[in-house]
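Coordinates as given in structure00.csv (CSV, C-alpha atoms):
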```csv
chain,number,residue,atom,x,y,z
A,508,MET,CA,-10.6,96.0,42.6
A,509,THR,CA,-10.1,92.7,40.9
A,510,SER,CA,-12.8,90.0,41.0
A,511,ARG,CA,-12.5,86.2,40.8
A,512,ILE,CA,-14.3,84.6,37.9
A,513,LEU,CA,-16.2,81.3,38.2
A,514,SER,CA,-16.4,79.9,34.6
A,515,ILE,CA,-18.8,77.0,34.1
A,516,ASP,CA,-19.3,74.9,31.0
A,517,LEU,CA,-22.2,72.5,31.0
A,518,GLN,CA,-22.5,69.8,28.3
A,519,SER,CA,-24.8,66.9,27.9
A,520,ASP,CA,-22.1,64.6,29.3
A,521,ILE,CA,-20.1,66.7,31.7
A,522,LEU,CA,-19.8,69.9,33.7
A,523,THR,CA,-16.4,71.6,33.9
A,524,ALA,CA,-15.7,74.6,36.0
A,525,VAL,CA,-12.6,76.8,36.7
A,526,LEU,CA,-12.2,79.5,39.3
A,527,LEU,CA,-9.8,82.2,38.0
A,528,GLU,CA,-7.9,84.0,40.7
A,529,ASN,CA,-8.6,87.5,39.3
A,530,ASP,CA,-10.0,89.1,36.2
A,531,VAL,CA,-6.8,90.9,35.4
A,532,ASN,CA,-4.4,88.0,35.0
A,533,ARG,CA,-6.7,85.2,33.8
A,534,ASP,CA,-4.0,82.6,33.5
A,535,ILE,CA,-4.0,82.1,37.3
A,536,ILE,CA,-6.2,79.2,38.3
A,537,ALA,CA,-7.4,78.9,41.9
A,538,SER,CA,-9.4,75.6,41.6
A,539,THR,CA,-11.2,73.4,39.1
A,540,ILE,CA,-13.8,70.6,39.0
A,541,LEU,CA,-15.3,68.0,36.7
A,542,ILE,CA,-18.8,66.7,37.4
A,543,SER,CA,-20.7,64.0,35.5
A,544,ALA,CA,-23.8,65.8,34.0
A,545,ASP,CA,-26.3,63.0,34.8
A,546,LYS,CA,-27.7,65.0,37.7
A,547,THR,CA,-30.4,67.6,38.3
A,548,ALA,CA,-29.4,71.3,38.2
A,549,GLU,CA,-29.6,71.6,41.9
A,550,GLU,CA,-27.4,68.5,42.4
A,551,LEU,CA,-24.8,69.9,40.0
A,552,VAL,CA,-24.6,73.3,41.7
A,553,THR,CA,-24.5,71.7,45.1
A,554,GLU,CA,-21.6,69.5,44.2
A,555,LEU,CA,-19.9,72.5,42.5
A,556,THR,CA,-20.2,74.8,45.5
A,557,ASN,CA,-19.2,72.1,47.9
A,558,SER,CA,-15.9,71.7,46.0
A,559,ILE,CA,-15.1,75.3,45.0
A,560,ASP,CA,-15.3,78.4,47.2
A,561,CYS,CA,-17.7,80.4,45.1
A,562,SER,CA,-18.1,83.4,47.4
A,563,ASP,CA,-17.7,86.9,46.1
A,564,CYS,CA,-17.0,86.0,42.5
A,565,ARG,CA,-18.3,86.7,39.0
A,566,CYS,CA,-20.1,83.8,37.4
A,567,VAL,CA,-20.3,83.0,33.6
A,568,LEU,CA,-21.9,80.0,32.0
A,569,SER,CA,-21.8,78.3,28.7
A,570,LEU,CA,-24.0,75.5,27.5
A,571,GLY,CA,-23.3,72.8,24.9
A,572,ALA,CA,-24.9,72.9,21.4
A,573,SER,CA,-27.1,69.9,22.2
A,574,PHE,CA,-29.3,72.1,24.4
A,575,PHE,CA,-30.1,74.5,21.5
A,576,SER,CA,-31.5,74.5,18.0
A,577,PHE,CA,-30.0,76.8,15.3
A,578,ARG,CA,-31.1,78.4,12.1
A,579,ASN,CA,-29.6,80.8,9.6
A,580,LEU,CA,-32.0,83.5,8.4
A,581,ASP,CA,-31.9,86.4,5.9
A,582,PHE,CA,-33.6,89.7,6.5
A,583,PRO,CA,-33.9,92.8,4.2
A,584,PHE,CA,-32.8,95.0,7.1
A,585,SER,CA,-30.0,95.1,9.7
A,586,ASP,CA,-31.5,97.0,12.6
A,587,ARG,CA,-31.1,94.9,15.7
A,588,LYS,CA,-34.4,95.9,17.3
A,589,SER,CA,-36.3,94.9,14.1
A,590,ILE,CA,-34.5,91.6,14.0
A,591,ASP,CA,-35.4,90.8,17.6
A,592,LYS,CA,-39.0,91.7,16.9
A,593,VAL,CA,-39.5,89.4,13.9
A,594,LEU,CA,-37.4,86.5,15.0
A,595,PRO,CA,-40.1,84.6,17.0
A,596,PHE,CA,-42.5,84.8,14.0
A,597,GLU,CA,-39.8,83.6,11.6
A,598,LEU,CA,-38.9,80.7,13.9
A,599,GLU,CA,-42.3,79.6,15.0
A,600,GLU,CA,-43.3,77.5,12.0
A,601,GLY,CA,-40.2,75.2,12.1
A,602,THR,CA,-40.2,74.8,15.9
A,603,ALA,CA,-41.7,71.6,17.5
A,604,GLU,CA,-42.2,73.4,20.9
A,605,PRO,CA,-44.5,76.4,21.4
A,606,ILE,CA,-42.4,79.4,20.6
A,607,ASP,CA,-43.4,81.1,23.9
A,608,THR,CA,-41.7,78.3,25.9
A,609,MET,CA,-38.4,79.0,24.1
A,610,LEU,CA,-35.7,81.7,24.8
A,611,ILE,CA,-34.3,83.1,21.6
A,612,ASP,CA,-31.2,85.1,20.8
A,613,ALA,CA,-29.4,85.9,17.6
A,614,MET,CA,-26.0,86.8,16.2
A,615,VAL,CA,-25.9,89.2,13.2
A,616,ILE,CA,-23.2,88.2,10.7
A,617,PRO,CA,-21.5,91.5,9.6
A,618,SER,CA,-22.3,92.6,6.1
A,619,LYS,CA,-21.7,95.7,3.9
A,620,GLY,CA,-25.3,96.3,2.7
A,621,ASP,CA,-28.6,97.0,4.4
A,622,ASP,CA,-29.5,93.3,4.3
A,623,SER,CA,-28.4,91.0,7.1
A,624,GLU,CA,-27.8,87.3,7.8
A,625,VAL,CA,-28.6,86.0,11.3
A,626,ILE,CA,-27.7,82.9,13.2
A,627,SER,CA,-30.5,82.2,15.7
A,628,ALA,CA,-30.4,80.0,18.7
A,629,MET,CA,-33.2,78.7,20.8
A,630,ILE,CA,-33.3,76.9,24.2
A,631,LYS,CA,-36.2,75.7,26.4
A,632,GLN,CA,-36.9,78.3,29.1
A,633,SER,CA,-37.6,75.5,31.6
A,634,LEU,CA,-34.2,74.0,31.2
A,635,LEU,CA,-32.5,77.4,31.7
A,636,ALA,CA,-34.9,78.2,34.6
A,637,ASP,CA,-33.8,75.2,36.7
A,638,LEU,CA,-30.1,76.0,36.2
A,639,HIS,CA,-30.4,79.7,36.7
A,640,HIS,CA,-32.5,79.2,39.8
A,641,ALA,CA,-29.9,76.8,41.3
A,642,LEU,CA,-27.0,79.2,40.6
A,643,THR,CA,-29.0,82.2,42.0
A,644,GLN,CA,-29.9,80.3,45.1
A,645,ALA,CA,-26.2,79.5,45.6
A,646,ASP,CA,-25.5,83.3,45.3
A,647,ILE,CA,-23.7,83.0,42.0
A,648,PRO,CA,-26.2,84.2,39.4
A,649,PRO,CA,-24.5,84.1,35.9
A,650,GLU,CA,-23.8,87.5,34.3
A,651,ARG,CA,-23.5,85.8,30.9
A,652,ILE,CA,-25.1,82.6,29.5
A,653,THR,CA,-23.7,81.7,26.1
A,654,LEU,CA,-23.1,78.9,23.7
A,655,SER,CA,-20.1,76.6,24.4
A,656,GLY,CA,-17.6,76.7,21.6
A,657,LEU,CA,-17.9,80.5,20.9
A,658,PRO,CA,-15.3,81.5,23.5
A,659,ASN,CA,-12.9,78.9,22.1
A,660,ILE,CA,-13.3,80.5,18.7
A,661,VAL,CA,-12.7,84.0,20.1
A,662,GLU,CA,-9.6,82.6,22.0
A,663,LEU,CA,-8.3,81.0,18.8
A,664,GLN,CA,-8.7,84.2,16.9
A,665,THR,CA,-6.9,86.1,19.7
A,666,THR,CA,-3.8,84.0,19.3
A,667,GLY,CA,-3.2,85.3,15.8
A,668,GLN,CA,-2.3,81.7,14.7
A,669,VAL,CA,-5.5,80.9,12.8
A,670,PRO,CA,-6.6,82.0,9.3
A,671,GLU,CA,-9.8,83.9,8.5
A,672,GLU,CA,-11.4,80.6,7.4
A,673,PHE,CA,-11.4,77.5,9.6
A,674,ILE,CA,-13.6,74.7,11.0
A,675,PHE,CA,-14.1,74.2,14.8
A,676,LEU,CA,-15.5,70.8,15.9
A,677,ASP,CA,-16.8,70.2,19.4
A,678,LEU,CA,-16.9,66.5,19.9
A,679,ARG,CA,-18.9,65.1,22.7
A,680,LEU,CA,-19.5,61.4,23.6
A,681,GLU,CA,-22.7,61.1,21.5
A,682,SER,CA,-22.9,64.4,19.6
A,683,ALA,CA,-20.8,66.9,17.8
A,684,CYS,CA,-21.1,70.5,16.7
A,685,LEU,CA,-19.7,72.1,13.6
A,686,PHE,CA,-18.7,75.8,13.6
A,687,LEU,CA,-17.7,77.4,10.4
A,688,VAL,CA,-15.7,80.7,10.5
A,689,SER,CA,-15.2,82.4,7.2
A,690,GLN,CA,-13.9,85.9,6.5
A,691,GLY,CA,-13.1,86.1,10.2
A,692,ASN,CA,-16.7,85.8,11.2
A,693,LEU,CA,-18.8,82.9,12.4
A,694,GLN,CA,-21.1,81.8,9.5
A,695,LEU,CA,-22.6,78.5,10.6
A,696,ILE,CA,-23.4,76.4,13.7
A,697,ARG,CA,-24.8,72.8,13.2
A,698,PRO,CA,-25.2,70.1,15.8
A,699,LEU,CA,-24.2,66.7,14.4
A,700,PHE,CA,-24.7,63.1,15.4
A,701,LEU,CA,-21.7,61.1,16.7
A,702,SER,CA,-21.6,57.5,17.7
A,703,PRO,CA,-19.2,54.6,17.6
A,704,LEU,CA,-21.9,52.8,15.6
A,705,PRO,CA,-23.2,55.2,13.0
A,706,GLY,CA,-27.0,55.2,13.1
A,707,PHE,CA,-27.2,53.8,16.6
A,708,ARG,CA,-26.8,55.4,20.1
A,709,ALA,CA,-24.0,53.8,22.2
A,710,ASP,CA,-24.1,53.7,25.9
A,711,PHE,CA,-21.2,55.4,27.6
A,712,SER,CA,-20.5,55.5,31.3
A,713,MET,CA,-18.3,58.0,33.1
A,714,ASN,CA,-16.7,57.9,36.4
A,715,ILE,CA,-14.7,60.7,38.0
A,716,GLU,CA,-12.2,59.2,40.4
A,717,GLU,CA,-9.9,61.4,42.3
A,718,GLY,CA,-10.5,64.2,39.8
A,719,LYS,CA,-9.7,62.0,36.8
A,720,LEU,CA,-12.3,61.3,34.1
A,721,ILE,CA,-12.7,57.6,33.1
A,722,ILE,CA,-14.9,56.9,30.1
A,723,ARG,CA,-16.1,53.3,29.5
A,724,GLY,CA,-18.0,52.2,26.4
A,725,LEU,CA,-17.5,51.3,22.7
A,726,GLU,CA,-14.5,52.8,21.0
A,727,TYR,CA,-15.0,55.0,18.0
A,728,THR,CA,-14.2,53.4,14.6
A,729,ALA,CA,-13.0,54.6,11.3
A,730,GLU,CA,-16.6,54.5,10.1
A,731,THR,CA,-17.6,56.9,12.9
A,732,PHE,CA,-15.4,59.7,11.6
A,733,SER,CA,-15.9,58.8,7.9
A,734,GLU,CA,-19.6,59.5,8.5
A,735,LEU,CA,-18.8,62.7,10.4
A,736,ALA,CA,-16.5,64.0,7.7
A,737,LEU,CA,-19.1,63.2,5.0
A,738,THR,CA,-21.8,65.1,7.0
A,739,VAL,CA,-19.5,68.1,7.4
A,740,LYS,CA,-18.7,68.1,3.7
A,741,GLN,CA,-22.4,67.9,2.7
A,742,THR,CA,-23.3,70.6,5.3
A,743,LEU,CA,-20.6,73.1,3.9
A,744,ALA,CA,-21.3,72.3,0.2
A,745,PRO,CA,-23.8,75.2,-0.3
A,746,PHE,CA,-21.4,77.8,1.3
A,747,PRO,CA,-19.2,80.1,-0.9
A,748,LEU,CA,-15.9,79.2,0.8
A,749,GLN,CA,-12.7,81.1,0.4
A,750,THR,CA,-10.6,78.0,0.6
A,751,ALA,CA,-11.1,74.6,-1.0
A,752,GLN,CA,-13.0,72.6,1.6
A,753,GLU,CA,-10.4,69.8,1.8
A,754,LYS,CA,-7.8,72.4,2.8
A,755,ILE,CA,-9.7,74.3,5.5
A,756,PRO,CA,-7.9,73.9,8.9
A,757,ILE,CA,-9.7,72.0,11.6
A,758,TYR,CA,-9.5,72.6,15.3
A,759,VAL,CA,-11.1,70.2,17.8
A,760,ASP,CA,-12.2,70.3,21.4
A,761,GLY,CA,-14.6,68.2,23.5
A,762,THR,CA,-14.8,65.2,25.7
A,763,ALA,CA,-14.5,62.7,22.9
A,764,ARG,CA,-11.3,64.1,21.4
A,765,PHE,CA,-9.1,62.2,23.9
A,766,THR,CA,-10.8,58.8,23.5
A,767,ALA,CA,-8.7,56.1,22.0
A,768,LYS,CA,-7.4,56.8,18.4
A,769,THR,CA,-9.7,59.8,17.9
A,770,LYS,CA,-7.0,62.0,16.4
A,771,SER,CA,-5.6,59.5,14.0
A,772,LEU,CA,-9.1,58.4,12.9
A,773,LEU,CA,-10.1,62.1,12.3
A,774,GLU,CA,-7.0,62.6,10.2
A,775,ALA,CA,-7.3,59.4,8.2
A,776,SER,CA,-7.8,59.4,4.4
A,777,THR,CA,-11.3,57.9,4.9
A,778,ALA,CA,-12.2,60.9,7.1
A,779,PHE,CA,-10.9,64.5,6.9
A,780,ASN,CA,-7.5,63.5,5.4
A,781,ARG,CA,-5.6,66.4,7.0
A,782,PRO,CA,-4.2,67.5,10.4
A,783,CYS,CA,-6.8,68.1,13.1
A,784,LEU,CA,-5.4,70.2,15.8
A,785,LEU,CA,-6.5,69.4,19.4
A,786,CYS,CA,-7.2,72.3,21.7
A,787,GLY,CA,-6.2,72.4,25.4
A,788,GLN,CA,-3.1,70.3,25.4
A,789,GLU,CA,0.2,71.2,27.2
A,790,THR,CA,1.6,72.5,23.9
A,791,GLY,CA,0.1,73.5,20.6
A,792,ILE,CA,-3.0,75.5,20.0
A,793,LEU,CA,-4.7,77.0,23.1
A,794,PRO,CA,-2.2,75.4,25.5
A,795,LEU,CA,-2.9,75.0,29.2
A,796,PRO,CA,-1.7,77.5,31.7
A,797,THR,CA,1.9,76.8,32.8
A,798,HIS,CA,1.1,76.6,36.5
A,799,LEU,CA,-1.8,74.4,37.5
A,800,PRO,CA,-3.1,73.4,41.0
A,801,GLU,CA,-2.1,69.8,41.8
A,802,PRO,CA,-5.7,68.4,41.8
A,803,THR,CA,-6.3,70.0,38.3
A,804,GLN,CA,-3.5,68.2,36.5
A,805,SER,CA,-5.4,64.9,36.3
A,806,HIS,CA,-8.2,66.5,34.2
A,807,ALA,CA,-6.7,69.7,32.8
A,808,THR,CA,-7.1,68.7,29.2
A,809,TYR,CA,-10.9,68.8,29.6
A,810,LEU,CA,-11.0,72.4,30.8
A,811,CYS,CA,-10.4,74.2,27.5
A,812,ALA,CA,-14.0,75.4,27.0
A,813,CYS,CA,-14.5,76.8,30.5
A,814,LEU,CA,-11.0,78.3,30.5
A,815,SER,CA,-11.7,80.1,27.2
A,816,LEU,CA,-15.0,81.3,28.5
A,817,GLY,CA,-13.4,82.8,31.6
A,818,LYS,CA,-10.6,84.5,29.7
A,819,GLN,CA,-12.8,85.9,26.9
A,820,THR,CA,-16.1,86.6,28.6
A,821,ASP,CA,-15.7,90.4,28.5
A,822,LYS,CA,-14.9,90.2,24.7
A,823,LEU,CA,-17.9,88.2,23.6
A,824,HIS,CA,-19.7,91.2,22.1
A,825,ASN,CA,-21.5,89.9,19.0
A,826,THR,CA,-22.3,86.5,20.5
A,827,PHE,CA,-25.3,84.9,22.2
A,828,ASN,CA,-26.2,86.0,25.7
A,829,PHE,CA,-29.3,84.4,27.2
A,830,CYS,CA,-29.2,86.6,30.4
A,831,LYS,CA,-32.3,88.3,29.3
A,832,GLY,CA,-35.9,88.6,30.6
A,833,GLU,CA,-36.3,86.7,33.8
A,834,PHE,CA,-32.7,85.5,33.5
A,835,ALA,CA,-31.3,89.0,33.3
A,836,PHE,CA,-28.3,89.7,35.5
A,837,HIS,CA,-28.7,92.4,38.1
A,838,SER,CA,-25.4,93.5,39.4
A,839,THR,CA,-26.9,95.9,41.9
A,840,LEU,CA,-28.4,93.0,43.8
A,841,ILE,CA,-25.0,91.4,44.1
A,842,GLU,CA,-23.4,94.7,45.2
A,843,TYR,CA,-26.2,95.1,47.8
A,844,ARG,CA,-25.6,91.6,49.2
A,845,HIS,CA,-21.9,92.2,49.4
A,846,LYS,CA,-22.3,95.6,51.1
A,847,ALA,CA,-24.9,94.1,53.5
A,848,ARG,CA,-22.4,91.4,54.5
A,849,ILE,CA,-19.7,94.0,55.1
A,850,ALA,CA,-22.1,96.2,57.1
A,851,GLY,CA,-23.3,93.2,59.2
A,852,GLY,CA,-19.7,92.3,60.0
A,853,ALA,CA,-18.9,95.9,61.1
A,854,ILE,CA,-22.0,96.0,63.3
A,855,PHE,CA,-21.0,92.7,64.9
A,856,ALA,CA,-17.5,93.9,65.6
A,857,ILE,CA,-18.8,97.1,67.2
A,858,LEU,CA,-21.2,95.2,69.4
A,859,LEU,CA,-18.4,92.7,70.3
A,860,PHE,CA,-16.0,95.4,71.4
A,861,SER,CA,-18.6,97.3,73.3
A,862,LEU,CA,-19.2,94.4,75.7
```
Rewrite the coordinates I just gave you, this time as structure tokens.
Amino acid sequence: MTSRILSIDLQSDILTAVLLENDVNRDIIASTILISADKTAEELVTELTNSIDCSDCRCVLSLGASFFSFRNLDFPFSDRKSIDKVLPFELEEGTAEPIDTMLIDAMVIPSKGDDSEVISAMIKQSLLADLHHALTQADIPPERITLSGLPNIVELQTTGQVPEEFIFLDLRLESACLFLVSQGNLQLIRPLFLSPLPGFRADFSMNIEEGKLIIRGLEYTAETFSELALTVKQTLAPFPLQTAQEKIPIYVDGTARFTAKTKSLLEASTAFNRPCLLCGQETGILPLPTHLPEPTQSHATYLCACLSLGKQTDKLHNTFNFCKGEFAFHSTLIEYRHKARIAGGAIFAILLFSL
């Protein structure tokens, strides 16, 4: 039996969600929504469930890099249980918050020897608790909670159109995240600062009118992306890259990628000085599905992250999953509720016809 998939991507600036008609053909979209993220978790989920029929569907969730902190660590062993055991102690010293208030997960970078390199990610449990509680109360507990951007990378690799080494940039209104893939594996995740005025935070306002996202605020400048390109160059300098850094392909997603002149400024000689391919357009890399519901067409270009999550969620094996501990997914509870609804309906029918 096929199941519908509700795929949610929450960023610091916006929530996007897509309901896929079934988990066999994941190119069929039933409905979508954009919600400005300046709301409480309960308000976000209420607006979501008021707009999309979320009954009897699987739910998966990705969160933007701005909610996490990341570190690369080396260990003289590769056993996953040992890594999970020592991670809190390794991360405690460099963490501003008490380590027992954080939820930790790690990705192990494949290697040939007994040693291992790990990318760790931490998020405040309180932040996750509010969101998880709101989704569970709405009867759509997430079966996977991961980092936004990772499903895009898996989707890019699935196309067979990307090399073993590339850069993926997730550009948000006031932040960015750098992902480096080398030798076919994710090697680095680094949140970066992004602002029209480097060194200062700019105020943006967003309105969603009739499903269309309208962004108001200062436009990005050449200096914005010159600073971004320099930061990326300095961040990648210590890494033993297979390709000369100035020749590594760049793929771009995020809310900010469609603001005025962003693509040309990214590609300028003062910035990256090479083509930067935008994800989630009608044509090109990670194109949109051919058939879209009419209300979706006004905001379809912003759905790349949640579309990739919905399509690739069952293939995200060696990636972060924060459905653990108190946030663990219990499929038996969902099955029980579903069976209870069916049984209740049958009993009601019997009583009705016995009158």
#### Entry: Pick from A:Gln664, A:Ser733, A:Ser569, A:Ser543, whichever lies nearest to Ile515 (chain A) using all atoms listed in the file
A:Ser569
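Of the residues under consideration (A:Thr769, A:Thr762, A:Thr808, A:Ser633), A:Thr808 shows the shortest atom-to-atom contact distance to Gln788 (chain A) when counting all atoms listed in the file.
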#### Entry: Selection near Thr797 (chain A), 10 Å with all atoms listed in the file, sequence-local residues under 6 positions removed, as an NGL selection string
:A and (534-535 or 789-790)
### Task
Enter the distance from CA of Ala641 (chain A) to CA of Glu549 (chain A), in Å, rounded to one decimal.
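Here the two named atoms are 5.2 Å from each other.
Distances here use only C-alpha atoms; by that measure, the residue among A:Ala744, A:Ile722, A:Met614, A:Asp591 closest to His824 (chain A) is A:Met614.
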### Task
Find the residues around region 820-822 of chain A up to 8 Å (all atoms listed in the file counted), leave out those fewer than 2 positions away in its own chain, and share them as a list in words.
Val567, Arg651, Pro658, Ser815, Leu816, Gly817, Lys818 and His824 of chain A
Using the selection just defined, write its residues with C-alpha atoms as an mmCIF file, in the coordinates of the input.
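Saved file again.cif follows:
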```cif
data_model
loop_
_atom_site.group_PDB
_atom_site.id
_atom_site.type_symbol
_atom_site.label_atom_id
_atom_site.label_comp_id
_atom_site.auth_asym_id
_atom_site.auth_seq_id
_atom_site.Cartn_x
_atom_site.Cartn_y
_atom_site.Cartn_z
ATOM 1 C CA VAL A 567 -20.300 83.000 33.600
ATOM 2 C CA ARG A 651 -23.500 85.800 30.900
ATOM 3 C CA PRO A 658 -15.300 81.500 23.500
ATOM 4 C CA SER A 815 -11.700 80.100 27.200
ATOM 5 C CA LEU A 816 -15.000 81.300 28.500
ATOM 6 C CA GLY A 817 -13.400 82.800 31.600
ATOM 7 C CA LYS A 818 -10.600 84.500 29.700
ATOM 8 C CA HIS A 824 -19.700 91.200 22.100
#
```
### Message
Using all atoms listed in the file, can you tell me which of A:Gly667, A:Val688, A:Leu517, A:Gly761 comes closest to Leu635 (chain A)?
### Response
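For Leu635 (chain A), the nearest of the candidates is A:Leu517.
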### Message
As an exercise, work out the distance from CA of Leu676 (chain A) to CA of Val759 (chain A) in Å and give it to one decimal place.
### Response
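It comes out at 4.8 Å.
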